[in-house]
Structures are given as C-alpha cells and as structure tokens.
file run07.txt (compact mmCIF, C-alpha atoms)
# COMPACT_ATOMS: atom_id res chain seq x y z
CA MET V 1 145.32 74.92 106.89
CA ASP V 2 146.90 77.24 109.46
CA VAL V 3 146.69 81.02 109.27
CA TYR V 4 150.21 81.47 107.89
CA GLU V 5 149.48 79.04 105.07
CA ALA V 6 146.18 80.76 104.29
CA VAL V 7 147.91 84.15 104.10
CA THR V 8 150.83 83.03 101.96
CA SER V 9 148.75 80.84 99.62
CA ARG V 10 146.16 83.55 98.99
CA ARG V 11 146.66 85.16 95.61
CA ALA V 12 144.63 86.91 92.95
CA VAL V 13 143.65 83.99 90.73
CA ARG V 14 142.76 84.93 87.16
CA ALA V 15 141.79 81.51 85.84
CA PHE V 16 139.02 79.46 87.44
CA THR V 17 137.28 76.20 86.60
CA ASP V 18 133.50 76.09 86.25
CA ARG V 19 133.16 73.75 89.24
CA PRO V 20 130.25 75.15 91.31
CA VAL V 21 130.78 76.62 94.76
CA SER V 22 128.08 75.49 97.16
CA ARG V 23 125.90 78.04 98.92
CA GLU V 24 126.57 76.20 102.19
CA VAL V 25 130.30 76.94 101.88
CA LEU V 26 129.71 80.58 100.97
CA GLU V 27 127.33 81.04 103.90
CA ARG V 28 129.85 79.45 106.26
CA VAL V 29 132.63 81.76 105.04
CA LEU V 30 130.54 84.93 105.21
CA THR V 31 129.10 84.06 108.62
CA ALA V 32 132.61 83.74 110.03
CA ALA V 33 133.88 86.81 108.14
CA ALA V 34 131.31 88.94 109.96
CA TRP V 35 133.70 88.79 112.92
CA ALA V 36 136.18 90.99 111.03
CA PRO V 37 136.97 94.21 112.94
CA SER V 38 135.25 97.52 112.28
CA ALA V 39 135.40 100.80 114.19
CA SER V 40 132.63 100.89 116.83
CA ASN V 41 131.34 97.66 115.26
CA ILE V 42 129.34 99.51 112.60
CA GLN V 43 130.12 96.82 109.98
CA PRO V 44 129.84 99.24 107.03
CA TRP V 45 129.93 96.63 104.26
CA ARG V 46 126.87 95.54 102.28
CA VAL V 47 127.57 92.41 100.27
CA TYR V 48 125.81 90.69 97.38
CA VAL V 49 126.77 87.15 96.36
CA VAL V 50 125.90 86.30 92.77
CA THR V 51 125.92 82.83 91.19
CA GLY V 52 123.99 80.85 88.58
CA GLN V 53 121.70 82.66 86.18
CA PRO V 54 122.10 86.14 87.76
CA LEU V 55 125.88 85.91 87.36
CA ALA V 56 125.51 84.65 83.80
CA GLU V 57 123.27 87.63 83.08
CA LEU V 58 125.77 90.06 84.58
CA LYS V 59 128.63 88.58 82.55
CA LYS V 60 126.45 88.82 79.42
CA ARG V 61 125.64 92.48 80.05
CA ALA V 62 129.27 93.33 80.70
CA GLY V 63 130.38 91.43 77.61
CA GLU V 64 127.87 93.26 75.44
CA ARG V 65 129.14 96.60 76.72
CA LEU V 66 132.72 95.63 75.95
CA ALA V 67 131.81 94.40 72.47
CA ALA V 68 129.94 97.62 71.75
CA GLY V 69 132.82 99.76 72.99
CA ASP V 70 130.62 101.45 75.57
CA PRO V 71 132.49 103.85 77.86
CA TRP V 72 133.11 102.93 81.46
CA ASP V 73 130.83 104.36 84.11
CA GLU V 74 131.87 107.55 85.86
CA PRO V 75 134.07 106.54 88.82
CA GLU V 76 132.44 106.88 92.24
CA TYR V 77 135.83 107.01 93.96
CA GLN V 78 139.46 107.55 93.00
CA GLN V 79 141.28 104.23 92.73
CA TYR V 80 144.80 105.72 92.62
CA PRO V 81 146.28 109.18 93.17
CA PRO V 82 146.57 111.14 89.88
CA GLU V 83 150.36 111.14 90.28
CA LEU V 84 151.48 107.88 91.84
CA LYS V 85 154.86 108.57 93.43
CA SER V 86 157.83 106.31 94.12
CA PRO V 87 158.02 103.50 95.24
CA TYR V 88 154.34 102.80 94.51
CA ARG V 89 154.67 103.77 90.84
CA GLU V 90 157.50 101.29 90.32
CA ARG V 91 155.64 98.51 92.11
CA ARG V 92 152.57 98.97 89.94
CA ALA V 93 154.73 99.05 86.80
CA ALA V 94 156.51 95.86 87.86
CA PHE V 95 153.18 94.14 88.42
CA GLY V 96 151.95 95.16 84.96
CA ALA V 97 155.16 93.98 83.32
CA GLN V 98 154.94 90.61 85.05
CA ARG V 99 151.22 90.16 84.45
CA TYR V 100 151.23 90.98 80.75
CA GLY V 101 154.68 89.53 80.14
CA ALA V 102 153.41 86.14 81.36
CA LEU V 103 150.65 86.42 78.75
CA GLY V 104 153.17 87.25 76.04
CA ILE V 105 151.78 90.76 75.62
CA ALA V 106 154.22 93.55 74.75
CA ARG V 107 154.21 96.75 76.79
CA ASP V 108 153.05 98.84 73.84
CA ASP V 109 150.34 96.41 72.65
CA LEU V 110 147.39 98.29 74.16
CA GLU V 111 144.79 96.31 72.24
CA ALA V 112 146.07 93.00 73.60
CA ARG V 113 146.23 94.46 77.10
CA GLN V 114 142.60 95.55 76.83
CA ARG V 115 141.57 92.07 75.68
CA ALA V 116 143.35 90.53 78.66
CA ALA V 117 141.75 93.04 81.02
CA SER V 118 138.29 92.23 79.65
CA ALA V 119 138.50 88.83 81.40
CA ASN V 120 137.80 90.77 84.61
CA TRP V 121 134.19 91.16 83.56
CA ASP V 122 133.80 87.45 82.96
CA CYS V 123 135.08 86.92 86.52
CA PHE V 124 137.96 84.97 84.93
CA GLY V 125 135.52 82.10 84.47
CA ALA V 126 134.61 81.86 88.17
CA PRO V 127 131.15 80.48 89.04
CA ALA V 128 130.60 82.86 91.96
CA ALA V 129 131.13 86.55 92.58
CA LEU V 130 130.82 88.86 95.54
CA PHE V 131 130.11 92.58 95.30
CA CYS V 132 130.94 94.86 98.22
CA TYR V 133 129.12 98.16 98.67
CA LEU V 134 129.37 100.93 101.26
CA ASP V 135 127.09 103.85 102.00
CA GLY V 136 128.22 106.87 100.05
CA ASP V 137 128.58 108.98 103.19
CA MET V 138 131.14 106.66 104.75
CA GLY V 139 134.71 107.90 105.12
CA SER V 140 138.20 106.46 104.79
CA PRO V 141 138.10 104.54 108.11
CA GLN V 142 134.97 102.67 107.02
CA TRP V 143 136.55 101.82 103.65
CA SER V 144 139.48 100.45 105.67
CA ASP V 145 137.01 98.34 107.65
CA ALA V 146 135.67 96.93 104.39
CA GLY V 147 139.20 96.03 103.35
CA MET V 148 139.74 94.07 106.56
CA TYR V 149 136.42 92.31 106.02
CA LEU V 150 137.30 91.34 102.45
CA GLN V 151 140.71 90.05 103.49
CA THR V 152 139.00 87.91 106.12
CA VAL V 153 136.68 86.52 103.45
CA MET V 154 139.61 85.66 101.19
CA LEU V 155 141.51 83.86 103.96
CA LEU V 156 138.44 81.84 104.93
CA LEU V 157 137.98 80.88 101.28
CA ARG V 158 141.48 79.40 101.35
CA GLU V 159 140.47 77.26 104.33
CA GLU V 160 137.67 75.90 102.14
CA GLY V 161 140.07 75.10 99.29
CA LEU V 162 138.82 78.03 97.25
CA HIS V 163 140.59 80.96 95.62
CA SER V 164 139.51 84.50 94.84
CA CYS V 165 140.39 87.64 92.94
CA PRO V 166 139.39 91.03 94.36
CA GLN V 167 138.49 93.36 91.50
CA MET V 168 138.11 97.12 91.60
CA ALA V 169 137.53 96.70 87.85
CA TRP V 170 133.84 96.17 88.56
CA ALA V 171 133.65 99.76 89.82
CA LYS V 172 133.89 100.72 86.15
CA PHE V 173 130.64 98.85 85.41
CA THR V 174 128.60 100.00 88.39
CA THR V 175 125.35 100.39 86.42
CA SER V 176 125.59 96.86 85.02
CA VAL V 177 126.09 95.39 88.50
CA ALA V 178 123.24 97.49 89.88
CA GLU V 179 120.89 96.23 87.15
CA VAL V 180 121.39 92.70 88.48
CA VAL V 181 121.75 93.13 92.26
CA ALA V 182 119.45 96.16 92.67
CA PRO V 183 121.20 97.84 95.64
CA PRO V 184 119.37 100.51 97.64
CA GLU V 185 119.89 104.16 96.74
CA GLY V 186 123.04 105.73 98.14
CA LEU V 187 125.37 102.72 98.08
CA VAL V 188 128.77 102.88 96.36
CA LEU V 189 130.25 99.78 94.73
CA PHE V 190 133.73 99.34 96.16
CA CYS V 191 134.74 96.17 94.33
CA GLY V 192 133.79 92.76 93.09
CA MET V 193 135.46 89.48 93.96
CA SER V 194 135.61 86.38 91.78
CA ILE V 195 135.36 83.15 93.78
CA GLY V 196 135.95 79.56 92.75
CA TYR V 197 138.42 76.74 92.25
CA ALA V 198 141.68 77.68 90.55
CA ASP V 199 142.37 76.20 87.14
CA THR V 200 145.66 74.47 87.90
CA ALA V 201 146.32 73.95 84.19
CA VAL V 202 146.96 77.69 83.90
CA VAL V 203 150.33 78.79 85.25
CA GLU V 204 150.14 82.21 86.88
CA PRO V 205 153.37 83.78 88.16
CA ARG V 206 153.27 84.88 91.78
CA THR V 207 153.64 88.61 92.35
CA GLY V 208 156.48 89.34 94.76
CA ARG V 209 156.44 91.53 97.85
CA ALA V 210 158.73 94.28 99.07
CA PRO V 211 161.44 93.30 101.58
CA LEU V 212 160.37 93.76 105.20
CA ALA V 213 162.88 96.59 105.74
CA GLU V 214 161.24 98.54 102.93
CA THR V 215 157.84 98.70 104.60
CA VAL V 216 158.41 98.06 108.32
CA THR V 217 160.50 99.91 110.93
CA PHE V 218 161.27 98.33 114.31
CA LEU V 219 162.00 100.65 117.25
CA ASP V 220 163.59 98.70 120.12
call {"tool": "encode", "arguments": {"input": "run07.txt", "output": "structure tokens"}}
result
Amino acid sequence: MDVYEAVTSRRAVRAFTDRPVSREVLERVLTAAAWAPSASNIQPWRVYVVTGQPLAELKKRAGERLAAGDPWDEPEYQQYPPELKSPYRERRAAFGAQRYGALGIARDDLEARQRAASANWDCFGAPAALFCYLDGDMGSPQWSDAGMYLQTVMLLLREEGLHSCPQMAWAKFTTSVAEVVAPPEGLVLFCGMSIGYADTAVVEPRTGRAPLAETVTFLD
C-alpha cells in the first residue's frame, strides 16, 4: 500500500469484527510511529494499548455507567469552541446529518442518537484500543505533536490491513479509563482509538472533504 492509498483509505470505522489484533503488529506499528515529528523531539505522548481482559473490563465499566445514567466526567480540555463559527459549524452539522441519517435516526430523535453514540464506549466492537495521554502542563504545540503521532499510527495501521477510529468520546469517561490503565498523576487523556478489522458487512458512508480551494491558497 503506498502512502496516498493509506491516506485516502483511512477512515473512522464504527463497526469492527472481533478478529484479534496481534501484539506483534501493534508493536511494529507503534515502533515506527515513534518517528512522527515533535517540536525539539520531546515526544509528548504517553500511550496505553488495551486488549483482552483489561479492555473487556473497561467496556463493562463504561457500559454500567451508561446504563445507570451516570454523568460524564468533567472535561479536562475544551473539545470545540463554545460558538463554532462558519464554515466549521456547517461541516459538523453535515457530518451529523450523514452519520445519523445512515442509521435511520431522525435529527430530533435525541434518545436514538444517544444510543448510537454509546457504541463509542464499546469501541464499536474492536478488540484493541489505544489511549493517548499528555502531561497537563503541555501547551497547544505539544497537542499538535500528539495529533501528528496519532495520524502516523492510523496510516501505519492501514499498511497492516487494519482500521481505526479516533475517539475524543473517551475523554468523557476519564475516570473509567484511569481505573484500568492507572496513568501517573498529572496526565490528561486526549483521546482513545479503536483498532481492528473493519466489519465489511456494515456499510458506512464516507464523509466528504471540502474542495481544495476552500482550505488551501496558492501564492505563485
């Protein structure tokens, strides 16, 4: 698989099979991903890979919280600006309409939307998950470094025939994740990532992208 194919075939998969992902493959991917760029090479990410019984326990804990109607944890960072302006507001709305429309869920059916969203905390059935933390005193540039690292991971997963789904949703269940992975004091959970083999029996519409002229300016 060449780089262009890896980039264009990468997508947020929300339906995985239970086929196991070998530790050898995960180690190979994460060893190579360590070469992702970071300012002054500080490599600010701290990653936990969870499979098997620990992942089953985490899914169980998250499921119990959902069933009990427990509130989400206090956010450790702001995922979106309070007032998302144009064109970002329209892009997010279009994504939501496509995502829930494909599931046959009406815009005003909040209960059905919540049920669909709850699949996040089952990792969409994936047999492996990655959780990315940063030190709480890191700033925006280091969070950007983590983003480049995670993108590198996702592209390498494609080379291995695997898919992924990055999930800021896990930042809403930080205490549940911490109970399983036991991170040191002072780390902030940026996101989780479901990893596995896509369930090809489930048809998931591909989210489009803005035209090049909308996001890129060439100065010749």
call {"tool": "atom_distance", "arguments": {"input": "run07.txt", "atom1": "CA of Thr17 in chain V", "atom2": "CA of Pro127 in chain V"}}
result
7.9 Å
call {"tool": "closest_residue", "arguments": {"input": "run07.txt", "among": "V:Gly186, V:Pro71, V:Pro87, V:Pro20", "to": "Leu162 in chain V", "atoms": "all atoms listed in the file"}}
result
V:Pro20
call {"tool": "closest_residue", "arguments": {"input": "run07.txt", "among": "V:Val180, V:Ala39, V:Arg19, V:Ala119", "to": "Pro54 in chain V", "atoms": "only C-alpha atoms"}}
result
V:Val180
call {"tool": "residues_near_point", "arguments": {"input": "run07.txt", "point": "(156.7, 91.4, 95.2)", "cutoff": "12 Å", "atoms": "all atoms listed in the file", "output": "VMD selection string"}}
result
chain V and resid 11 88 90 to 96 98 205 to 212 214 to 215
call {"tool": "residues_around", "arguments": {"input": "run07.txt", "residues": "Pro141 in chain V", "least_positions_apart": "3", "cutoff": "9 Å", "atoms": "all atoms listed in the file", "output": "PyMOL selection string"}}
result
chain V and resi 38-39+138+144-146
call {"tool": "closest_residue", "arguments": {"input": "run07.txt", "among": "V:Ala36, V:Leu66, V:Ala126, V:Met1", "to": "Gly52 in chain V", "atoms": "all atoms listed in the file"}}
result
V:Ala126
call {"tool": "axis_aligned_box", "arguments": {"input": "run07.txt", "around": "range 116-132 of chain V", "padding_each_side": "6 Å", "output": "JSON"}}
result
{"center_x": 136.7, "center_y": 87.7, "center_z": 88.4, "size_x": 25.2, "size_y": 26.4, "size_z": 31.6}
call {"tool": "closest_residue", "arguments": {"input": "run07.txt", "among": "V:Gln78, V:Gln43, V:Ala68, V:Gly125", "to": "Ala56 in chain V", "atoms": "all atoms listed in the file"}}
result
V:Gly125
call {"tool": "closest_atom_pairs", "arguments": {"input": "run07.txt", "of": "range 83-169 of chain V", "to": "range 3-10 of chain V", "cutoff": "12 Å", "atoms": "only C-alpha atoms", "output": "CSV"}}
result
residue,atom,partner,partner_atom,distance
V:Gln151,CA,V:Val7,CA,9.3
V:Thr152,CA,V:Val7,CA,9.9
V:Val153,CA,V:Arg10,CA,10.9
V:Met154,CA,V:Arg10,CA,7.2
V:Leu155,CA,V:Ala6,CA,5.6
V:Leu156,CA,V:Ala6,CA,7.8
V:Leu157,CA,V:Ala6,CA,8.7
V:Arg158,CA,V:Ala6,CA,5.7
V:Glu159,CA,V:Ala6,CA,6.7
V:Glu160,CA,V:Ala6,CA,10.0
V:Gly161,CA,V:Ala6,CA,9.7
V:Leu162,CA,V:Arg10,CA,9.3
V:His163,CA,V:Arg10,CA,7.0
V:Ser164,CA,V:Arg10,CA,7.9
V:Cys165,CA,V:Arg10,CA,9.3
V:Pro166,CA,V:Arg10,CA,11.1
call {"tool": "atom_distance", "arguments": {"input": "run07.txt", "atom1": "CA of Cys132 in chain V", "atom2": "CA of Val203 in chain V"}}
result
28.3 Å
call {"tool": "atom_distance", "arguments": {"input": "run07.txt", "atom1": "CA of Gly69 in chain V", "atom2": "CA of Thr175 in chain V"}}
result
15.4 Å
call {"tool": "closest_residue", "arguments": {"input": "run07.txt", "among": "V:Glu74, V:Glu204, V:Asp122, V:Glu185", "to": "Asp137 in chain V", "atoms": "all atoms listed in the file"}}
result
V:Glu185
call {"tool": "closest_residue", "arguments": {"input": "run07.txt", "among": "V:Val177, V:Ala201, V:Val29, V:Val49", "to": "Phe16 in chain V", "atoms": "all atoms listed in the file"}}
result
V:Ala201
call {"tool": "residues_around", "arguments": {"input": "run07.txt", "residues": "Asn120 in chain V", "least_positions_apart": "6", "cutoff": "12 Å", "atoms": "only C-alpha atoms", "output": "PyMOL selection string"}}
result
chain V and resi 12-16+59+62-63+66+113-114+126+129+165-173+191-194
call {"tool": "residues_around", "arguments": {"input": "run07.txt", "residues": "Pro44 in chain V", "least_positions_apart": "2", "cutoff": "7 Å", "atoms": "only C-alpha atoms", "output": "list in words"}}
result
Ile42, Arg46, Leu134, Gln142 and Ala146 of chain V
